[in-house]
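As provided, protein.cif (mmCIF, C-alpha atoms) reads as follows.
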```cif
data_target
loop_
_atom_site.group_PDB
_atom_site.id
_atom_site.type_symbol
_atom_site.label_atom_id
_atom_site.label_comp_id
_atom_site.auth_asym_id
_atom_site.auth_seq_id
_atom_site.Cartn_x
_atom_site.Cartn_y
_atom_site.Cartn_z
ATOM 1 C CA MET A 1 -33.808 -21.944 61.184
ATOM 2 C CA TYR A 2 -30.414 -20.261 61.337
ATOM 3 C CA THR A 3 -28.814 -18.557 64.356
ATOM 4 C CA LEU A 4 -26.643 -15.451 64.056
ATOM 5 C CA THR A 5 -25.394 -13.623 67.181
ATOM 6 C CA GLY A 6 -28.279 -15.215 69.056
ATOM 7 C CA LEU A 7 -30.937 -14.115 66.557
ATOM 8 C CA LYS A 8 -33.140 -16.731 64.878
ATOM 9 C CA LEU A 9 -33.285 -16.291 61.098
ATOM 10 C CA LYS A 10 -35.355 -18.436 58.720
ATOM 11 C CA ASN A 11 -32.552 -18.067 56.174
ATOM 12 C CA PRO A 12 -29.169 -16.281 56.094
ATOM 13 C CA THR A 13 -30.337 -13.310 54.010
ATOM 14 C CA ILE A 14 -30.807 -9.832 55.483
ATOM 15 C CA LEU A 15 -32.106 -6.565 54.061
ATOM 16 C CA ALA A 16 -29.184 -4.111 54.041
ATOM 17 C CA ALA A 17 -29.475 -0.714 55.732
ATOM 18 C CA GLY A 18 -30.770 2.186 53.660
ATOM 19 C CA VAL A 19 -32.901 0.099 51.278
ATOM 20 C CA LEU A 20 -36.678 -0.033 51.895
ATOM 21 C CA GLY A 21 -35.977 0.656 55.553
ATOM 22 C CA THR A 22 -37.347 4.173 55.963
ATOM 23 C CA THR A 23 -40.720 3.074 57.392
ATOM 24 C CA GLY A 24 -42.004 0.248 59.530
ATOM 25 C CA ALA A 25 -44.386 -0.771 56.747
ATOM 26 C CA SER A 26 -41.614 -1.135 54.169
ATOM 27 C CA LEU A 27 -39.554 -3.252 56.547
ATOM 28 C CA CYS A 28 -42.534 -5.531 57.123
ATOM 29 C CA ARG A 29 -43.108 -5.791 53.376
ATOM 30 C CA VAL A 30 -39.558 -7.041 52.797
ATOM 31 C CA ALA A 31 -40.007 -9.624 55.531
ATOM 32 C CA ARG A 32 -43.452 -10.715 54.331
ATOM 33 C CA GLU A 33 -43.180 -10.526 50.537
ATOM 34 C CA GLY A 34 -39.439 -10.659 50.101
ATOM 35 C CA GLY A 35 -38.655 -13.541 52.399
ATOM 36 C CA ALA A 36 -35.718 -11.892 54.162
ATOM 37 C CA GLY A 37 -34.388 -13.641 57.240
ATOM 38 C CA ALA A 38 -33.963 -10.276 58.987
ATOM 39 C CA VAL A 39 -34.251 -6.588 58.112
ATOM 40 C CA VAL A 40 -32.099 -3.538 58.863
ATOM 41 C CA THR A 41 -33.532 -0.019 59.087
ATOM 42 C CA LYS A 42 -32.333 3.120 57.389
ATOM 43 C CA SER A 43 -29.514 4.630 59.475
ATOM 44 C CA ILE A 44 -30.917 6.823 62.246
ATOM 45 C CA GLY A 45 -28.980 9.608 63.958
ATOM 46 C CA PRO A 46 -29.180 12.038 66.882
ATOM 47 C CA ALA A 47 -30.820 14.901 64.952
ATOM 48 C CA PRO A 48 -32.982 15.278 61.829
ATOM 49 C CA LYS A 49 -31.019 15.490 58.560
ATOM 50 C CA THR A 50 -32.343 16.382 55.133
ATOM 51 C CA GLY A 51 -29.401 14.818 53.340
ATOM 52 C CA HIS A 52 -27.668 16.041 50.202
ATOM 53 C CA SER A 53 -29.336 17.883 47.358
ATOM 54 C CA ASN A 54 -30.537 16.005 44.277
ATOM 55 C CA PRO A 55 -29.499 14.230 42.173
ATOM 56 C CA SER A 56 -28.609 11.918 45.047
ATOM 57 C CA MET A 57 -28.643 8.605 43.172
ATOM 58 C CA VAL A 58 -27.788 7.481 39.657
ATOM 59 C CA ARG A 59 -27.948 4.061 38.008
ATOM 60 C CA LEU A 60 -24.826 2.895 36.180
ATOM 61 C CA ASP A 61 -24.061 -0.091 33.954
ATOM 62 C CA CYS A 62 -22.259 -1.717 36.890
ATOM 63 C CA GLY A 63 -24.535 -0.740 39.784
ATOM 64 C CA PHE A 64 -25.614 2.448 41.555
ATOM 65 C CA LEU A 65 -23.864 5.561 42.779
ATOM 66 C CA ASN A 66 -25.557 7.386 45.641
ATOM 67 C CA ALA A 67 -24.908 10.325 47.909
ATOM 68 C CA MET A 68 -27.976 10.472 50.120
ATOM 69 C CA GLY A 69 -26.168 12.098 53.029
ATOM 70 C CA LEU A 70 -27.873 10.056 55.772
ATOM 71 C CA PRO A 71 -31.312 11.745 55.627
ATOM 72 C CA ASN A 72 -33.414 10.704 58.611
ATOM 73 C CA PRO A 73 -35.983 12.047 61.095
ATOM 74 C CA SER A 74 -33.714 11.427 64.141
ATOM 75 C CA TYR A 75 -34.343 8.729 66.728
ATOM 76 C CA PRO A 76 -37.388 10.382 68.370
ATOM 77 C CA GLY A 77 -38.969 10.753 64.941
ATOM 78 C CA PHE A 78 -38.277 7.144 63.938
ATOM 79 C CA LEU A 79 -39.215 5.452 67.192
ATOM 80 C CA GLN A 80 -42.828 4.668 66.221
ATOM 81 C CA GLU A 81 -41.764 3.267 62.849
ATOM 82 C CA LEU A 82 -39.480 0.855 64.659
ATOM 83 C CA VAL A 83 -42.250 -0.020 67.105
ATOM 84 C CA PHE A 84 -44.536 -0.801 64.142
ATOM 85 C CA ALA A 85 -41.890 -2.960 62.471
ATOM 86 C CA LYS A 86 -41.239 -4.923 65.634
ATOM 87 C CA LYS A 87 -44.935 -5.472 66.253
ATOM 88 C CA ASN A 88 -45.804 -6.555 62.723
ATOM 89 C CA SER A 89 -42.691 -8.273 61.427
ATOM 90 C CA SER A 90 -42.078 -11.984 61.899
ATOM 91 C CA VAL A 91 -38.297 -11.614 61.529
ATOM 92 C CA PRO A 92 -35.587 -9.871 63.582
ATOM 93 C CA VAL A 93 -35.452 -6.100 63.130
ATOM 94 C CA ILE A 94 -32.029 -4.480 63.413
ATOM 95 C CA ALA A 95 -31.717 -0.747 64.037
ATOM 96 C CA SER A 96 -28.958 0.946 62.050
ATOM 97 C CA ILE A 97 -27.658 4.013 63.875
ATOM 98 C CA PHE A 98 -25.012 6.698 63.413
ATOM 99 C CA GLY A 99 -23.415 9.544 65.299
ATOM 100 C CA GLY A 100 -20.364 11.743 65.252
ATOM 101 C CA ASN A 101 -18.806 10.431 68.462
ATOM 102 C CA PRO A 102 -19.292 7.687 71.091
ATOM 103 C CA ALA A 103 -21.727 9.777 73.151
ATOM 104 C CA GLU A 104 -24.023 10.391 70.177
ATOM 105 C CA PHE A 105 -24.045 6.704 69.231
ATOM 106 C CA ALA A 106 -24.949 5.788 72.804
ATOM 107 C CA GLU A 107 -27.652 8.473 72.883
ATOM 108 C CA VAL A 108 -29.330 7.146 69.729
ATOM 109 C CA ALA A 109 -29.102 3.523 70.864
ATOM 110 C CA GLU A 110 -30.573 4.354 74.248
ATOM 111 C CA GLY A 111 -33.294 6.441 72.629
ATOM 112 C CA LEU A 112 -34.398 3.535 70.427
ATOM 113 C CA LEU A 113 -34.366 0.916 73.200
ATOM 114 C CA PRO A 114 -38.106 1.389 74.023
ATOM 115 C CA SER A 115 -38.889 -0.092 70.581
ATOM 116 C CA ASN A 116 -37.007 -3.294 71.501
ATOM 117 C CA PRO A 117 -34.869 -3.748 68.369
ATOM 118 C CA ASP A 118 -33.360 -7.217 68.085
ATOM 119 C CA ALA A 119 -29.891 -5.785 67.468
ATOM 120 C CA PHE A 120 -28.076 -2.585 66.562
ATOM 121 C CA GLU A 121 -25.912 -2.021 63.506
ATOM 122 C CA LEU A 122 -23.419 0.822 63.919
ATOM 123 C CA ASN A 123 -22.894 2.788 60.710
ATOM 124 C CA VAL A 124 -19.260 3.851 60.848
ATOM 125 C CA SER A 125 -18.868 3.478 57.098
ATOM 126 C CA CYS A 126 -21.035 5.856 55.033
ATOM 127 C CA PRO A 127 -18.581 7.550 52.607
ATOM 128 C CA HIS A 128 -20.548 10.737 51.887
ATOM 129 C CA ALA A 129 -21.723 12.281 55.172
ATOM 130 C CA GLU A 130 -19.259 14.797 56.584
ATOM 131 C CA GLY A 131 -18.454 14.163 60.242
ATOM 132 C CA TYR A 132 -20.245 10.810 60.279
ATOM 133 C CA GLY A 133 -19.851 7.317 58.855
ATOM 134 C CA ALA A 134 -16.393 6.708 57.421
ATOM 135 C CA ALA A 135 -15.113 9.847 59.168
ATOM 136 C CA VAL A 136 -15.587 7.822 62.350
ATOM 137 C CA GLY A 137 -14.953 4.380 60.892
ATOM 138 C CA SER A 138 -11.489 5.073 59.503
ATOM 139 C CA ASN A 139 -10.110 5.596 63.025
ATOM 140 C CA PRO A 140 -9.591 2.298 64.914
ATOM 141 C CA CYS A 141 -9.524 3.962 68.338
ATOM 142 C CA LEU A 142 -12.778 5.775 67.635
ATOM 143 C CA VAL A 143 -14.440 2.615 66.308
ATOM 144 C CA GLU A 144 -13.495 0.758 69.469
ATOM 145 C CA ALA A 145 -14.788 3.602 71.656
ATOM 146 C CA VAL A 146 -18.068 3.889 69.728
ATOM 147 C CA THR A 147 -18.669 0.144 69.948
ATOM 148 C CA ALA A 148 -17.914 0.061 73.662
ATOM 149 C CA ALA A 149 -20.190 3.050 74.304
ATOM 150 C CA VAL A 150 -23.162 1.329 72.658
ATOM 151 C CA LYS A 151 -22.436 -1.989 74.353
ATOM 152 C CA ASP A 152 -22.569 -0.174 77.686
ATOM 153 C CA VAL A 153 -26.188 0.926 77.175
ATOM 154 C CA VAL A 154 -27.819 -1.998 75.328
ATOM 155 C CA ASN A 155 -28.341 -5.682 76.071
ATOM 156 C CA VAL A 156 -28.824 -6.906 72.495
ATOM 157 C CA PRO A 157 -26.232 -7.835 69.855
ATOM 158 C CA VAL A 158 -24.197 -5.020 68.328
ATOM 159 C CA TRP A 159 -22.968 -5.264 64.742
ATOM 160 C CA VAL A 160 -20.452 -2.793 63.303
ATOM 161 C CA LYS A 161 -20.649 -1.972 59.585
ATOM 162 C CA LEU A 162 -17.191 -1.329 58.162
ATOM 163 C CA THR A 163 -15.956 0.870 55.333
ATOM 164 C CA PRO A 164 -13.729 -0.529 52.568
ATOM 165 C CA ASN A 165 -12.268 2.946 52.023
ATOM 166 C CA VAL A 166 -9.328 2.344 54.368
ATOM 167 C CA ALA A 167 -5.825 0.952 53.980
ATOM 168 C CA ASP A 168 -6.467 -2.072 56.219
ATOM 169 C CA ILE A 169 -10.026 -3.112 57.012
ATOM 170 C CA THR A 170 -8.846 -5.800 59.431
ATOM 171 C CA SER A 171 -7.449 -3.168 61.801
ATOM 172 C CA ILE A 172 -10.905 -1.551 61.921
ATOM 173 C CA GLY A 173 -12.587 -4.930 62.397
ATOM 174 C CA THR A 174 -10.197 -5.792 65.204
ATOM 175 C CA ALA A 175 -10.993 -2.471 66.893
ATOM 176 C CA ALA A 176 -14.724 -3.228 66.703
ATOM 177 C CA GLU A 177 -14.120 -6.671 68.175
ATOM 178 C CA SER A 178 -12.029 -5.158 70.976
ATOM 179 C CA GLY A 179 -14.895 -2.778 71.731
ATOM 180 C CA GLY A 180 -17.250 -5.698 72.239
ATOM 181 C CA ALA A 181 -18.900 -6.057 68.824
ATOM 182 C CA ASP A 182 -20.882 -9.265 68.343
ATOM 183 C CA ALA A 183 -20.337 -9.187 64.563
ATOM 184 C CA VAL A 184 -19.000 -6.975 61.802
ATOM 185 C CA VAL A 185 -20.730 -6.194 58.516
ATOM 186 C CA ALA A 186 -18.535 -5.802 55.432
ATOM 187 C CA ILE A 187 -18.790 -3.713 53.380
ATOM 188 C CA ASN A 188 -20.436 -0.346 52.834
ATOM 189 C CA THR A 189 -20.163 1.425 49.477
ATOM 190 C CA VAL A 190 -16.910 2.253 47.676
ATOM 191 C CA LYS A 191 -16.130 5.905 46.927
ATOM 192 C CA GLY A 192 -16.961 6.880 43.352
ATOM 193 C CA MET A 193 -17.906 9.674 41.007
ATOM 194 C CA VAL A 194 -19.556 10.261 37.613
ATOM 195 C CA ILE A 195 -19.275 13.347 35.398
ATOM 196 C CA ASP A 196 -21.620 14.491 32.642
ATOM 197 C CA ILE A 197 -19.308 14.983 29.644
ATOM 198 C CA GLU A 198 -21.656 17.408 27.867
ATOM 199 C CA SER A 199 -21.672 19.938 30.698
ATOM 200 C CA GLY A 200 -18.526 18.937 32.542
ATOM 201 C CA TYR A 201 -20.428 18.895 35.844
ATOM 202 C CA PRO A 202 -20.401 16.024 38.337
ATOM 203 C CA VAL A 203 -23.785 14.288 38.156
ATOM 204 C CA LEU A 204 -24.440 13.925 41.889
ATOM 205 C CA GLY A 205 -25.470 16.922 43.933
ATOM 206 C CA ASN A 206 -22.721 16.041 46.394
ATOM 207 C CA ARG A 207 -20.244 15.551 43.505
ATOM 208 C CA SER A 208 -19.044 12.167 44.802
ATOM 209 C CA GLY A 209 -20.858 9.251 46.380
ATOM 210 C CA GLY A 210 -20.767 5.561 47.149
ATOM 211 C CA LEU A 211 -20.775 2.777 44.559
ATOM 212 C CA SER A 212 -22.944 -0.292 45.224
ATOM 213 C CA GLY A 213 -24.095 -3.266 43.160
ATOM 214 C CA LYS A 214 -22.315 -5.967 41.196
ATOM 215 C CA ALA A 215 -19.160 -3.933 40.630
ATOM 216 C CA VAL A 216 -18.196 -3.996 44.307
ATOM 217 C CA LYS A 217 -18.693 -7.719 44.928
ATOM 218 C CA PRO A 218 -15.023 -8.710 44.412
ATOM 219 C CA VAL A 219 -14.008 -5.959 46.834
ATOM 220 C CA ALA A 220 -16.525 -7.203 49.399
ATOM 221 C CA VAL A 221 -15.456 -10.833 48.996
ATOM 222 C CA LYS A 222 -11.809 -9.911 49.626
ATOM 223 C CA CYS A 223 -12.710 -7.852 52.698
ATOM 224 C CA VAL A 224 -14.836 -10.675 54.110
ATOM 225 C CA TYR A 225 -12.031 -13.163 53.417
ATOM 226 C CA ASP A 226 -9.471 -11.031 55.288
ATOM 227 C CA LEU A 227 -11.789 -10.292 58.215
ATOM 228 C CA TYR A 228 -12.677 -13.969 58.636
ATOM 229 C CA THR A 229 -8.976 -14.692 59.137
ATOM 230 C CA ALA A 230 -8.410 -11.812 61.543
ATOM 231 C CA LEU A 231 -11.490 -11.978 63.792
ATOM 232 C CA GLU A 232 -13.180 -14.406 66.174
ATOM 233 C CA ILE A 233 -16.644 -12.862 65.776
ATOM 234 C CA PRO A 234 -18.936 -13.495 62.773
ATOM 235 C CA VAL A 235 -18.579 -11.529 59.560
ATOM 236 C CA ILE A 236 -21.755 -10.581 57.667
ATOM 237 C CA GLY A 237 -21.074 -10.081 53.959
ATOM 238 C CA VAL A 238 -22.669 -7.337 51.876
ATOM 239 C CA GLY A 239 -21.844 -5.809 48.525
ATOM 240 C CA GLY A 240 -23.081 -6.900 45.118
ATOM 241 C CA VAL A 241 -25.036 -9.965 46.259
ATOM 242 C CA SER A 242 -27.803 -10.514 43.705
ATOM 243 C CA SER A 243 -28.034 -14.312 43.409
ATOM 244 C CA TRP A 244 -27.606 -17.462 45.448
ATOM 245 C CA GLU A 245 -24.265 -18.003 43.713
ATOM 246 C CA ASP A 246 -23.063 -14.630 44.995
ATOM 247 C CA ALA A 247 -24.232 -15.533 48.502
ATOM 248 C CA VAL A 248 -22.436 -18.897 48.442
ATOM 249 C CA GLU A 249 -19.243 -17.222 47.231
ATOM 250 C CA MET A 250 -19.467 -14.686 50.052
ATOM 251 C CA MET A 251 -20.015 -17.480 52.579
ATOM 252 C CA MET A 252 -17.072 -19.473 51.278
ATOM 253 C CA ALA A 253 -14.987 -16.339 51.860
ATOM 254 C CA GLY A 254 -16.159 -16.400 55.474
ATOM 255 C CA ALA A 255 -19.543 -14.681 55.698
ATOM 256 C CA ALA A 256 -21.920 -16.136 58.289
ATOM 257 C CA ALA A 257 -24.832 -14.434 56.503
ATOM 258 C CA VAL A 258 -25.336 -11.983 53.643
ATOM 259 C CA GLN A 259 -27.096 -8.663 53.307
ATOM 260 C CA VAL A 260 -28.799 -7.634 50.075
ATOM 261 C CA GLY A 261 -29.262 -4.024 49.019
ATOM 262 C CA SER A 262 -29.086 -2.888 45.393
ATOM 263 C CA ALA A 263 -30.593 -6.126 44.038
ATOM 264 C CA VAL A 264 -33.888 -5.214 45.731
ATOM 265 C CA TYR A 265 -34.271 -2.513 43.063
ATOM 266 C CA ASP A 266 -35.245 -5.211 40.542
ATOM 267 C CA ARG A 267 -37.271 -7.536 42.760
ATOM 268 C CA VAL A 268 -38.212 -7.573 46.412
ATOM 269 C CA ASP A 269 -38.484 -11.382 46.601
ATOM 270 C CA ILE A 270 -34.772 -11.806 45.907
ATOM 271 C CA PHE A 271 -34.291 -13.004 49.494
ATOM 272 C CA SER A 272 -36.530 -16.044 49.040
ATOM 273 C CA GLU A 273 -34.799 -16.900 45.787
ATOM 274 C CA ILE A 274 -31.338 -16.689 47.348
ATOM 275 C CA GLY A 275 -32.387 -18.718 50.398
ATOM 276 C CA ALA A 276 -33.886 -21.470 48.241
ATOM 277 C CA GLY A 277 -30.848 -21.506 45.974
ATOM 278 C CA ILE A 278 -28.495 -21.948 48.912
ATOM 279 C CA GLU A 279 -30.558 -24.877 50.227
ATOM 280 C CA THR A 280 -30.561 -26.570 46.815
ATOM 281 C CA PHE A 281 -26.799 -26.061 46.513
ATOM 282 C CA LEU A 282 -26.148 -27.595 49.939
ATOM 283 C CA GLU A 283 -28.241 -30.640 49.068
ATOM 284 C CA ARG A 284 -26.574 -31.081 45.678
ATOM 285 C CA LYS A 285 -23.082 -30.874 47.174
ATOM 286 C CA GLY A 286 -23.931 -33.095 50.142
ATOM 287 C CA TYR A 287 -23.313 -30.508 52.863
ATOM 288 C CA SER A 288 -25.285 -31.253 56.021
ATOM 289 C CA ASN A 289 -25.763 -27.568 56.945
ATOM 290 C CA ILE A 290 -24.736 -24.084 55.958
ATOM 291 C CA LYS A 291 -21.866 -23.971 58.436
ATOM 292 C CA LYS A 292 -20.015 -26.439 56.219
ATOM 293 C CA ILE A 293 -19.425 -23.785 53.545
ATOM 294 C CA ILE A 294 -18.657 -20.790 55.767
ATOM 295 C CA GLY A 295 -14.961 -20.074 55.275
ATOM 296 C CA LEU A 296 -14.492 -23.058 52.964
ATOM 297 C CA ALA A 297 -12.178 -21.107 50.669
ATOM 298 C CA HIS A 298 -9.676 -20.813 53.508
ATOM 299 C CA GLU A 299 -9.327 -24.585 53.613
ATOM 300 C CA MET A 300 -8.419 -24.703 49.921
ATOM 301 C CA VAL A 301 -5.182 -22.737 50.306
#
```

What does this structure look like when you write it as structure tokens?
Amino acid sequence: MYTLTGLKLKNPTILAAGVLGTTGASLCRVAREGGAGAVVTKSIGPAPKTGHSNPSMVRLDCGFLNAMGLPNPSYPGFLQELVFAKKNSSVPVIASIFGGNPAEFAEVAEGLLPSNPDAFELNVSCPHAEGYGAAVGSNPCLVEAVTAAVKDVVNVPVWVKLTPNVADITSIGTAAESGGADAVVAINTVKGMVIDIESGYPVLGNRSGGLSGKAVKPVAVKCVYDLYTALEIPVIGVGGVSSWEDAVEMMMAGAAAVQVGSAVYDRVDIFSEIGAGIETFLERKGYSNIKKIIGLAHEMV
């Protein structure tokens, strides 16, 4: 058993937001069949959103490019899905939420409290939803205010998911910590674009989107490394993790746990495989527990 911001996880792997998190049943499936230590919902906002027009996702040689646009039924529409997940899942369920300002974040958090989520993850990092996500998360003062607003209305851990599309991610992480965040999650997708050379048109309906998958792992590792140095609170690593080796690398950079997103496309039981691989690695290297490798790379300088 592994403890993260007071939550008990059977292993340090977590389903990332936006992947198989649109229904309570899919969240339970990832916990039951996939072996995830915890699961995060699709990001939920203050009002229903249909998202961007299709194509909204495309597979590339190096990962995926998506521009979903935060489609969601709003917090009243998602409440029963979260209730179902909490009732039927054996692992912590984290509610990912978004808004355009501190009041909207607090409204959504308060509205989902009856479902008793184990924690909240604040999406201040989506790169393709105008007025939301990175539009909020690139402003340190706003990130601090949003975090503080949610902390004022909930009594469970609050994680803040950060965008890499800024000049200095540590300034955003520090703002989240100052606002009372219990952990930060790094990173969300990296801005990207693909163009069809036959027609000359951008492929995505939104023209640009966010890149995820193996291509962003070095970016995520560097962000985690920098945040680990700058912050006192835990850093949860996400971005391109598709094997236990990736997870160990992220932990050596400073991640207290890892989230997995794009890799679920190929197999839902990736969480069990990563968890088992980490345990085997620890035994082979003679480490008594996982804490021995968290931030290890910093000791090698």

Can you pull out the residues contacting Ala119 in chain A? Cut-off 9 Å, using only C-alpha atoms, and skip same-chain residues under 2 positions away; I want them as a PyMOL selection string.
chain A and resi 7+92-96+116-117+121+154-159

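Across the model, the gap from CA of Pro234 in chain A to CA of Gly6 in chain A is 11.4 Å.
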
What does the distance from CA of Ala103 in chain A to CA of Ala149 in chain A come to in Å, to one decimal?
7.0 Å

So that I can see what lies close to Gly35 in chain A, please list as number ranges by chain the residues with an atom at most 12 Å from it, counting only C-alpha atoms and leaving out residues fewer than 2 positions away in the same chain.
A: 9-15, 27-33, 37-39, 89-91, 260, 264, 267-276

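Neighbouring residues of Ala106 in chain A at 9 Å or closer, counting only C-alpha atoms and skipping chain neighbours under 2 positions away, are Gly99, Asn101, Pro102, Ala103, Glu104, Val108, Ala109, Glu110, Gly111, Val146, Thr147, Ala149, Val150, Lys151, Asp152, Val153 and Val154 of chain A.
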
Given the selection you just returned, output its residues as a file containing C-alpha atoms, formatted as a short mmCIF file (atom, residue, chain, number, x, y, z; two decimals), in the coordinates of the input.
```cif
data_model
loop_
_atom_site.label_atom_id
_atom_site.label_comp_id
_atom_site.auth_asym_id
_atom_site.auth_seq_id
_atom_site.Cartn_x
_atom_site.Cartn_y
_atom_site.Cartn_z
CA GLY A 99 -23.42 9.54 65.30
CA ASN A 101 -18.81 10.43 68.46
CA PRO A 102 -19.29 7.69 71.09
CA ALA A 103 -21.73 9.78 73.15
CA GLU A 104 -24.02 10.39 70.18
CA VAL A 108 -29.33 7.15 69.73
CA ALA A 109 -29.10 3.52 70.86
CA GLU A 110 -30.57 4.35 74.25
CA GLY A 111 -33.29 6.44 72.63
CA VAL A 146 -18.07 3.89 69.73
CA THR A 147 -18.67 0.14 69.95
CA ALA A 149 -20.19 3.05 74.30
CA VAL A 150 -23.16 1.33 72.66
CA LYS A 151 -22.44 -1.99 74.35
CA ASP A 152 -22.57 -0.17 77.69
CA VAL A 153 -26.19 0.93 77.18
CA VAL A 154 -27.82 -2.00 75.33
#
```

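Across the structure, CA of Lys217 in chain A and CA of Ala297 in chain A are spaced 16.0 Å apart.
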
Going by the chain IDs and residue numbers used in this file, which residues fall under the PyMOL selection byres ((chain A and resi 241) around 8)? Write them as a PyMOL selection string.
chain A and resi 213-214+217+238-240+242-244+246-247+258-261+263

For those residues, write C-alpha atoms to a file as a tab-separated table (two decimals), in the coordinates of the input.
```tsv
chain	number	residue	atom	x	y	z
A	213	GLY	CA	-24.10	-3.27	43.16
A	214	LYS	CA	-22.32	-5.97	41.20
A	217	LYS	CA	-18.69	-7.72	44.93
A	238	VAL	CA	-22.67	-7.34	51.88
A	239	GLY	CA	-21.84	-5.81	48.52
A	240	GLY	CA	-23.08	-6.90	45.12
A	242	SER	CA	-27.80	-10.51	43.70
A	243	SER	CA	-28.03	-14.31	43.41
A	244	TRP	CA	-27.61	-17.46	45.45
A	246	ASP	CA	-23.06	-14.63	45.00
A	247	ALA	CA	-24.23	-15.53	48.50
A	258	VAL	CA	-25.34	-11.98	53.64
A	259	GLN	CA	-27.10	-8.66	53.31
A	260	VAL	CA	-28.80	-7.63	50.08
A	261	GLY	CA	-29.26	-4.02	49.02
A	263	ALA	CA	-30.59	-6.13	44.04
```

Please evaluate the PyMOL selection byres ((chain A and resi 163) around 7) against the structure above and give the resulting residues as a PyMOL selection string.
chain A and resi 125+134+137+161-162+164-166+187-188

If we count all atoms listed in the file, what is near Ile290 in chain A at a cut-off of 10 Å, once residues fewer than 2 positions away on the same chain are taken out, given as a PyMOL selection string?
chain A and resi 2+11-12+248+251+256-257+278-279+281-282+287-288+292-294
